[in-house]
file structure_34.txt (compact mmCIF, C-alpha atoms and all ligand atoms)
# COMPACT_ATOMS: atom_id res chain seq x y z
CA MET N 1 51.61 160.92 145.53
CA SER N 2 54.53 158.52 145.98
CA TYR N 3 54.42 155.41 148.13
CA GLU N 4 56.97 152.98 149.56
CA THR N 5 55.16 149.65 149.08
CA ILE N 6 53.13 150.25 145.91
CA LEU N 7 53.66 152.00 142.59
CA VAL N 8 50.79 153.96 141.09
CA THR N 9 50.89 154.93 137.41
CA ALA N 10 48.28 156.16 134.95
CA GLU N 11 48.11 156.14 131.18
CA LYS N 12 45.22 156.52 128.72
CA ASN N 13 42.55 156.70 131.46
CA ILE N 14 43.86 153.49 133.04
CA ALA N 15 45.55 153.48 136.45
CA THR N 16 47.84 150.65 137.54
CA ILE N 17 48.71 149.78 141.12
CA THR N 18 51.77 147.53 141.36
CA PHE N 19 52.38 145.82 144.70
CA ASN N 20 56.02 146.55 145.22
CA ARG N 21 57.75 144.51 147.93
CA PRO N 22 59.41 141.97 145.61
CA LYS N 23 61.91 140.76 148.24
CA ALA N 24 58.94 139.58 150.36
CA LEU N 25 57.00 138.41 147.26
CA ASN N 26 54.83 141.54 147.61
CA ALA N 27 53.36 140.36 150.93
CA LEU N 28 50.74 142.66 152.40
CA ASN N 29 52.14 144.38 155.47
CA ASP N 30 50.40 147.06 157.51
CA LYS N 31 52.08 149.88 155.59
CA LEU N 32 51.03 148.42 152.24
CA LEU N 33 47.39 148.24 153.34
CA THR N 34 47.54 151.87 154.52
CA GLU N 35 49.09 152.99 151.23
CA LEU N 36 46.70 150.90 149.13
CA SER N 37 43.73 152.42 150.92
CA ALA N 38 45.05 155.96 150.32
CA ALA N 39 45.79 155.22 146.65
CA LEU N 40 42.28 153.83 146.12
CA ASP N 41 40.79 157.00 147.66
CA ASP N 42 42.88 159.10 145.25
CA ILE N 43 41.83 157.01 142.26
CA ALA N 44 38.15 157.12 143.31
CA ALA N 45 38.33 160.92 143.31
CA ARG N 46 39.79 161.14 139.78
CA GLN N 47 37.29 161.60 136.98
CA ASP N 48 39.93 160.87 134.30
CA ILE N 49 40.57 157.28 135.45
CA HIS N 50 38.13 154.78 133.93
CA VAL N 51 39.73 151.41 134.82
CA LEU N 52 42.16 150.20 137.49
CA VAL N 53 44.65 147.36 136.96
CA LEU N 54 46.40 145.57 139.83
CA THR N 55 49.63 143.61 139.44
CA GLY N 56 52.76 142.57 141.33
CA ALA N 57 56.36 143.73 140.97
CA GLY N 58 58.92 141.18 139.80
CA SER N 59 58.37 137.99 137.90
CA LYS N 60 57.52 135.71 140.82
CA ALA N 61 54.54 137.01 142.72
CA PHE N 62 51.32 138.98 142.47
CA VAL N 63 50.98 138.93 146.28
CA ALA N 64 52.14 135.97 148.42
CA GLY N 65 49.63 136.79 151.16
CA ALA N 66 49.59 138.80 154.33
CA ASP N 67 53.05 139.41 155.77
CA ILE N 68 53.64 136.37 157.99
CA THR N 69 56.31 138.16 160.04
CA GLU N 70 53.58 140.57 161.20
CA LEU N 71 50.91 137.85 161.62
CA ALA N 72 53.12 135.75 163.86
CA THR N 73 52.96 138.19 166.77
CA LEU N 74 49.28 139.17 166.84
CA ASP N 75 46.94 138.58 169.79
CA ALA N 76 43.17 138.20 169.21
CA ALA N 77 42.37 141.92 169.44
CA GLN N 78 45.24 142.87 167.12
CA GLY N 79 44.24 140.07 164.74
CA LYS N 80 40.68 141.40 164.60
CA ALA N 81 41.94 144.94 163.96
CA CYS N 82 44.29 143.71 161.20
CA SER N 83 41.58 141.62 159.56
CA GLU N 84 39.21 144.60 159.65
CA LYS N 85 41.87 146.88 158.19
CA GLY N 86 42.50 144.43 155.34
CA HIS N 87 38.78 144.01 154.70
CA LYS N 88 38.39 147.77 154.54
CA ALA N 89 41.26 148.29 152.09
CA ILE N 90 40.42 145.27 149.90
CA GLY N 91 36.68 146.02 150.14
CA LYS N 92 37.40 149.37 148.50
CA LEU N 93 38.25 147.52 145.28
CA GLN N 94 34.77 146.09 145.15
CA GLU N 95 33.24 149.42 146.09
CA LEU N 96 35.32 151.41 143.60
CA GLU N 97 32.92 152.73 140.95
CA ILE N 98 35.31 151.92 138.10
CA PRO N 99 36.15 148.34 137.06
CA VAL N 100 39.23 146.69 138.54
CA ILE N 101 41.18 143.99 136.67
CA ALA N 102 43.70 141.83 138.52
CA ALA N 103 46.72 140.92 136.35
CA VAL N 104 48.02 137.97 138.36
CA ASN N 105 51.63 137.50 137.31
CA GLY N 106 52.76 134.89 139.85
CA PHE N 107 51.87 133.62 143.32
CA ALA N 108 48.48 134.88 144.53
CA LEU N 109 48.26 133.23 147.93
CA GLY N 110 46.13 134.01 150.97
CA GLY N 111 45.61 137.77 150.96
CA GLY N 112 46.86 137.77 147.34
CA SER N 113 44.04 135.53 146.14
CA GLU N 114 41.66 137.53 148.34
CA MET N 115 42.84 140.77 146.69
CA ALA N 116 42.35 139.30 143.22
CA LEU N 117 38.89 137.99 144.15
CA ALA N 118 37.79 141.49 145.21
CA SER N 119 38.65 142.74 141.70
CA ASP N 120 36.00 142.55 139.00
CA PHE N 121 37.84 139.82 137.13
CA ILE N 122 41.21 138.16 136.86
CA TYR N 123 43.62 137.55 133.97
CA ALA N 124 46.55 135.32 134.90
CA SER N 125 49.96 134.41 133.59
CA GLU N 126 50.56 130.71 132.88
CA ALA N 127 53.05 130.91 135.78
CA ALA N 128 50.46 132.11 138.31
CA LYS N 129 49.45 129.99 141.28
CA PHE N 130 46.40 130.57 143.45
CA GLY N 131 45.59 129.29 146.91
CA LEU N 132 44.37 130.02 150.40
CA PRO N 133 47.15 128.36 152.46
CA GLU N 134 46.12 129.92 155.80
CA ILE N 135 45.03 126.53 157.21
CA THR N 136 48.67 125.40 156.92
CA LEU N 137 49.62 128.33 159.16
CA GLY N 138 46.97 127.34 161.73
CA LEU N 139 44.73 130.16 160.51
CA ILE N 140 41.79 130.76 158.23
CA PRO N 141 41.48 133.39 155.48
CA GLY N 142 41.01 136.83 156.99
CA TYR N 143 40.64 139.16 154.02
CA GLY N 144 37.39 137.84 152.55
CA GLY N 145 38.47 134.44 151.21
CA THR N 146 35.79 132.43 153.02
CA GLN N 147 33.16 134.72 151.50
CA ARG N 148 34.33 135.74 148.03
CA LEU N 149 35.83 132.40 146.94
CA PRO N 150 32.56 130.42 147.43
CA ARG N 151 30.69 133.17 145.59
CA ALA N 152 33.19 132.93 142.72
CA ILE N 153 33.56 129.14 142.32
CA GLY N 154 30.85 127.57 144.49
CA ALA N 155 31.00 126.37 148.10
CA ASN N 156 32.28 122.82 147.49
CA LEU N 157 35.36 123.74 145.49
CA ALA N 158 36.03 126.71 147.77
CA LYS N 159 35.88 124.52 150.87
CA GLU N 160 38.30 122.04 149.31
CA MET N 161 40.79 124.84 148.62
CA ILE N 162 40.35 126.47 152.04
CA LEU N 163 40.45 123.20 154.02
CA THR N 164 43.47 121.71 152.23
CA GLY N 165 45.37 124.96 151.65
CA LYS N 166 46.51 123.52 148.33
CA MET N 167 47.77 125.68 145.49
CA ILE N 168 46.19 125.45 142.06
CA SER N 169 47.66 126.39 138.70
CA ALA N 170 46.36 129.23 136.53
CA ALA N 171 44.88 126.62 134.16
CA GLU N 172 42.97 124.97 137.02
CA ALA N 173 41.82 128.38 138.27
CA LYS N 174 40.46 129.11 134.79
CA GLU N 175 38.75 125.72 134.63
CA ILE N 176 36.82 126.42 137.86
CA GLY N 177 35.87 129.94 136.82
CA MET N 178 38.13 131.87 139.18
CA VAL N 179 40.15 133.33 136.30
CA ASN N 180 38.81 134.67 132.99
CA LYS N 181 41.90 134.27 130.82
CA VAL N 182 45.36 132.66 131.03
CA VAL N 183 48.20 133.88 128.80
CA ALA N 184 51.98 133.58 128.50
CA PRO N 185 53.77 135.64 131.18
CA GLU N 186 55.17 138.11 128.64
CA ALA N 187 51.71 138.68 127.11
CA LEU N 188 49.85 139.29 130.39
CA MET N 189 50.02 143.07 130.65
CA ASP N 190 49.26 143.57 126.93
CA GLU N 191 46.15 141.37 127.20
CA VAL N 192 45.00 143.13 130.36
CA MET N 193 45.59 146.56 128.85
CA LYS N 194 43.66 145.63 125.68
CA THR N 195 40.65 144.72 127.77
CA ALA N 196 41.10 147.74 130.05
CA GLU N 197 41.22 150.01 126.99
CA ALA N 198 38.09 148.38 125.55
CA ILE N 199 36.23 149.12 128.80
CA ALA N 200 37.71 152.62 129.11
CA SER N 201 36.41 153.45 125.62
CA LYS N 202 32.80 152.80 126.73
CA GLY N 203 30.64 155.40 128.47
CA ARG N 204 31.65 156.11 132.06
CA VAL N 205 28.10 156.17 133.35
CA PRO N 206 26.88 152.81 131.99
CA VAL N 207 30.17 151.08 132.89
CA ARG N 208 29.81 152.19 136.49
CA ALA N 209 26.09 151.41 136.54
CA ALA N 210 26.69 147.89 135.20
CA LYS N 211 29.38 147.12 137.80
CA LYS N 212 27.16 148.42 140.60
CA ALA N 213 24.09 146.50 139.41
CA VAL N 214 25.99 143.19 139.22
CA ASN N 215 27.61 143.69 142.64
CA GLU N 216 24.44 144.82 144.40
CA GLY N 217 22.42 142.08 142.72
CA LEU N 218 24.72 139.39 144.09
CA ASN N 219 23.72 140.36 147.65
CA VAL N 220 19.95 140.07 147.15
CA ASP N 221 17.33 137.66 145.75
CA LEU N 222 16.62 137.60 141.99
CA PRO N 223 13.48 139.80 141.94
CA SER N 224 15.28 142.42 144.08
CA GLY N 225 18.29 142.18 141.77
CA CYS N 226 16.09 142.70 138.72
CA ALA N 227 14.55 145.74 140.42
CA ILE N 228 18.08 147.12 140.93
CA GLU N 229 18.71 146.61 137.20
CA VAL N 230 15.48 148.41 136.21
CA GLU N 231 16.49 151.48 138.25
CA ALA N 232 20.05 151.43 136.90
CA PHE N 233 18.82 151.03 133.31
CA ALA N 234 16.40 153.92 133.74
CA ALA N 235 19.20 156.11 135.09
CA CYS N 236 21.31 155.37 131.96
CA VAL N 237 18.70 155.46 129.22
CA SER N 238 18.28 159.21 128.84
CA GLY N 239 21.92 160.05 129.54
CA LYS N 240 24.64 161.45 127.28
CA ASP N 241 26.22 158.04 126.69
CA ALA N 242 22.93 156.43 125.63
CA LYS N 243 22.27 159.36 123.29
CA GLU N 244 25.72 158.93 121.71
CA GLY N 245 25.57 155.12 121.55
CA THR N 246 22.11 154.90 120.01
CA SER N 247 22.70 157.85 117.60
CA ALA N 248 25.99 156.33 116.44
CA PHE N 249 24.26 153.03 115.70
CA LEU N 250 21.46 154.71 113.73
CA GLU N 251 23.95 156.94 111.87
CA LYS N 252 26.14 153.89 111.08
CA ARG N 253 29.25 155.30 112.76
CA LYS N 254 31.40 154.36 115.73
CA PRO N 255 30.28 155.88 119.04
CA VAL N 256 32.65 158.29 120.78
CA PHE N 257 32.12 158.28 124.53
CA ASN N 258 33.77 160.39 127.23
CA ALA N 259 34.66 163.12 124.69
N1 LIG N 301 54.95 137.04 154.29
C1 LIG N 301 56.21 137.45 154.53
N2 LIG N 301 57.27 137.09 153.77
C2 LIG N 301 57.03 136.27 152.74
C3 LIG N 301 55.75 135.80 152.43
C4 LIG N 301 54.68 136.22 153.25
N3 LIG N 301 53.40 135.88 153.02
N4 LIG N 301 55.84 134.98 151.35
C5 LIG N 301 57.14 134.95 150.99
N5 LIG N 301 57.86 135.72 151.83
C6 LIG N 301 59.31 135.97 151.79
C7 LIG N 301 60.08 134.74 152.27
O1 LIG N 301 60.14 134.69 153.69
C8 LIG N 301 61.43 134.98 151.63
O2 LIG N 301 62.11 135.94 152.38
P1 LIG N 301 63.72 135.77 152.64
O3 LIG N 301 64.36 135.80 151.28
O4 LIG N 301 64.06 136.96 153.50
O5 LIG N 301 63.90 134.43 153.32
C9 LIG N 301 61.06 135.63 150.30
O6 LIG N 301 59.73 136.13 150.45
C10 LIG N 301 61.05 134.64 149.14
O7 LIG N 301 60.22 133.57 149.50
P2 LIG N 301 60.69 132.02 149.46
O8 LIG N 301 62.17 131.91 149.65
O9 LIG N 301 59.81 131.27 150.40
O10 LIG N 301 60.35 131.66 147.94
P3 LIG N 301 59.99 130.22 147.35
O11 LIG N 301 60.01 130.36 145.88
O12 LIG N 301 60.81 129.15 147.97
O13 LIG N 301 58.46 129.98 147.82
C11 LIG N 301 56.16 130.60 148.21
C12 LIG N 301 57.43 130.83 147.36
C13 LIG N 301 55.61 129.20 147.95
C14 LIG N 301 55.15 131.65 147.79
C15 LIG N 301 56.53 130.74 149.71
O14 LIG N 301 57.23 131.96 149.90
C16 LIG N 301 55.32 130.75 150.62
O15 LIG N 301 54.76 129.71 150.89
N6 LIG N 301 54.96 131.96 151.12
C17 LIG N 301 53.88 132.09 152.09
C18 LIG N 301 52.54 131.96 151.42
C19 LIG N 301 51.44 132.03 152.44
O16 LIG N 301 51.32 131.20 153.32
N7 LIG N 301 50.57 133.03 152.28
C20 LIG N 301 49.43 133.24 153.16
C21 LIG N 301 49.79 134.18 154.24
S1 LIG N 301 48.49 134.31 155.43
C22 LIG N 301 47.38 135.36 154.74
O17 LIG N 301 47.51 135.79 153.64
C23 LIG N 301 46.19 135.70 155.61
C24 LIG N 301 45.40 136.88 155.10
C25 LIG N 301 44.45 137.39 156.13
C26 LIG N 301 45.14 137.99 157.33
C27 LIG N 301 44.13 138.67 158.19
C28 LIG N 301 44.67 139.20 159.51
C29 LIG N 301 45.88 140.05 159.49

call {"tool": "encode", "arguments": {"input": "structure_34.txt", "output": "structure tokens"}}
result
Amino acid sequence: MSYETILVTAEKNIATITFNRPKALNALNDKLLTELSAALDDIAARQDIHVLVLTGAGSKAFVAGADITELATLDAAQGKACSEKGHKAIGKLQELEIPVIAAVNGFALGGGSEMALASDFIYASEAAKFGLPEITLGLIPGYGGTQRLPRAIGANLAKEMILTGKMISAAEAKEIGMVNKVVAPEALMDEVMKTAEAIASKGRVPVRAAKKAVNEGLNVDLPSGCAIEVEAFAACVSGKDAKEGTSAFLEKRKPVFNA
């Protein structure tokens, strides 16, 4: 399917969604959220896609936030509907069974940081900048920032970012654990693809089970989380991937999953 505000490509079991409104620094307008939601439904239905990568078109931005020209005219009811729509679309990233890697190539502000935080992890270009500047607009984050940022970096640092609206560099984002890896701009997609390929070469079932166990465990207490892991482990242990992985080890060869 072709879209106006995003590009969707797929190669070697890895899909890439590129936010594609470079003139507006890839800001999230209503149309983009509708198209993103549809694209994520398509990807979720495809058995051949094992990893999803998100990035932004152009050299300047991943996503510079929600589209401020649309935000400026909302009343309370419209604002609630827009926030819910964004939560639904961005929430799909977290709910997607396959892993999602955010390749943050430039500004990731407001909804852009919120999008990246809903991914499983973030690699960033040295030129990237992160922030939740909504407070400067007289707003607060509305696409999950007040919830996912504290879970990612702790409440104190998250509150400082949310209450000041300040931008931080990719290096600072790495230092506080928001970003896994920072690389030169020209190396970003290669690094992301290397990791995506490493994950895509593992068994589909355990990869999905591991993502689900981590995510579900974060919403419950430790004993309940461990119980989730026990069930997920049991579901994997007698499966095709476990047979292949354990046999390959014992036969001193490389495992071949997803054959
Ligand atoms: N929305 C709409 N247009 C934007 C946005 C945006 N978020 N960001 C940039 N643009 C546009 C600019 O207006 C400009 O357009 P034009 O060329 O027509 O004037 C173009 O992109 C280029 O931007 P700049 O000229 O400003 O580029 P600079 O390099 O000078 O600055 C910045 C880059 C620092 C990124 C700057 O553009 C900026 O501060 N952008 C806004 C960042 C921001 O505040 N983001 C948060 C938005 S609010 C949000 O995300 C809330 C999410 C939850 C909403 C829930 C309910 C709906």

call {"tool": "closest_residue", "arguments": {"input": "structure_34.txt", "among": "N:Lys129, N:Arg46, N:Lys252, N:Lys31", "to": "ligand LIG 301 (chain N)", "atoms": "all atoms listed in the file"}}
result
N:Lys129

call {"tool": "axis_aligned_box", "arguments": {"input": "structure_34.txt", "around": "ligand LIG 301 (chain N)", "padding_each_side": "6 Å", "output": "lines of an AutoDock Vina configuration file"}}
result
center_x = 54.2
center_y = 134.6
center_z = 152.7
size_x = 32.2
size_y = 22.9
size_z = 25.6

call {"tool": "residues_around", "arguments": {"input": "structure_34.txt", "residues": "His50 of chain N", "least_positions_apart": "4", "cutoff": "7 Å", "atoms": "only C-alpha atoms", "output": "list in words"}}
result
Asn13, Ile14, Ile98, Ala200 and Arg204 of chain N

call {"tool": "atom_distance", "arguments": {"input": "structure_34.txt", "atom1": "atom CA of Phe62 of chain N", "atom2": "atom C14 of ligand LIG 301 (chain N)"}}
result
9.8 Å

call {"tool": "residues_near_point", "arguments": {"input": "structure_34.txt", "point": "(48.5, 130.8, 146.7)", "cutoff": "7 Å", "atoms": "all atoms listed in the file", "output": "list in words"}}
result
Ala64, Phe107, Ala108, Leu109, Gly110, Ser113, Lys129, Phe130, Gly131, Leu132, Pro133 and Met167 of chain N

call {"tool": "closest_residue", "arguments": {"input": "structure_34.txt", "among": "N:Met193, N:Gly142, N:Ala127, N:Gln147", "to": "Leu54 of chain N", "atoms": "only C-alpha atoms"}}
result
N:Met193

call {"tool": "residues_around", "arguments": {"input": "structure_34.txt", "residues": "Val53 of chain N", "least_positions_apart": "5", "cutoff": "8 Å", "atoms": "all atoms listed in the file", "output": "list in words"}}
result
Ile14, Ala15, Thr16, Ile17, Val100, Ile101, Ala102, Ala103, Val192 and Ala196 of chain N

call {"tool": "residues_near_ligand", "arguments": {"input": "structure_34.txt", "ligand": "ligand LIG 301 (chain N)", "cutoff": "7 Å", "atoms": "only C-alpha atoms and all ligand atoms", "output": "PyMOL selection string"}}
result
chain N and resi 23-25+27+64-69+71+79-80+82-83+86+107+109-112+132-134+137+141-143

call {"tool": "atom_distance", "arguments": {"input": "structure_34.txt", "atom1": "atom CA of Glu244 of chain N", "atom2": "atom CA of Ile228 of chain N"}}
result
23.8 Å

call {"tool": "residues_around", "arguments": {"input": "structure_34.txt", "residues": "Lys159 of chain N", "least_positions_apart": "6", "cutoff": "9 Å", "atoms": "only C-alpha atoms", "output": "list in words"}}
result
Thr146, Leu149 and Pro150 of chain N

call {"tool": "write_last_selection", "arguments": {"input": "structure_34.txt", "atoms": "C-alpha atoms", "output": "mmCIF file, in the coordinates of the input"}}
result
data_model
loop_
_atom_site.group_PDB
_atom_site.id
_atom_site.type_symbol
_atom_site.label_atom_id
_atom_site.label_comp_id
_atom_site.auth_asym_id
_atom_site.auth_seq_id
_atom_site.Cartn_x
_atom_site.Cartn_y
_atom_site.Cartn_z
ATOM 1 C CA THR N 146 35.790 132.430 153.020
ATOM 2 C CA LEU N 149 35.830 132.400 146.940
ATOM 3 C CA PRO N 150 32.560 130.420 147.430
#

call {"tool": "atom_distance", "arguments": {"input": "structure_34.txt", "atom1": "atom CA of Ser169 of chain N", "atom2": "atom CA of Asp30 of chain N"}}
result
28.1 Å

call {"tool": "residues_around", "arguments": {"input": "structure_34.txt", "residues": "Ser201 of chain N", "least_positions_apart": "5", "cutoff": "12 Å", "atoms": "all atoms listed in the file", "output": "PyMOL selection string"}}
result
chain N and resi 12-14+48-51+193-196+206-207+241+245+254-259

call {"tool": "residues_near_point", "arguments": {"input": "structure_34.txt", "point": "(22.9, 156.2, 134.1)", "cutoff": "8 Å", "atoms": "only C-alpha atoms", "output": "number ranges by chain"}}
result
N: 205-206, 209, 232-239

call {"tool": "residues_around", "arguments": {"input": "structure_34.txt", "residues": "Thr18 of chain N", "least_positions_apart": "4", "cutoff": "6 Å", "atoms": "all atoms listed in the file", "output": "list in words"}}
result
Ile6, Leu7, Leu54, Thr55, Gly56 and Ala57 of chain N
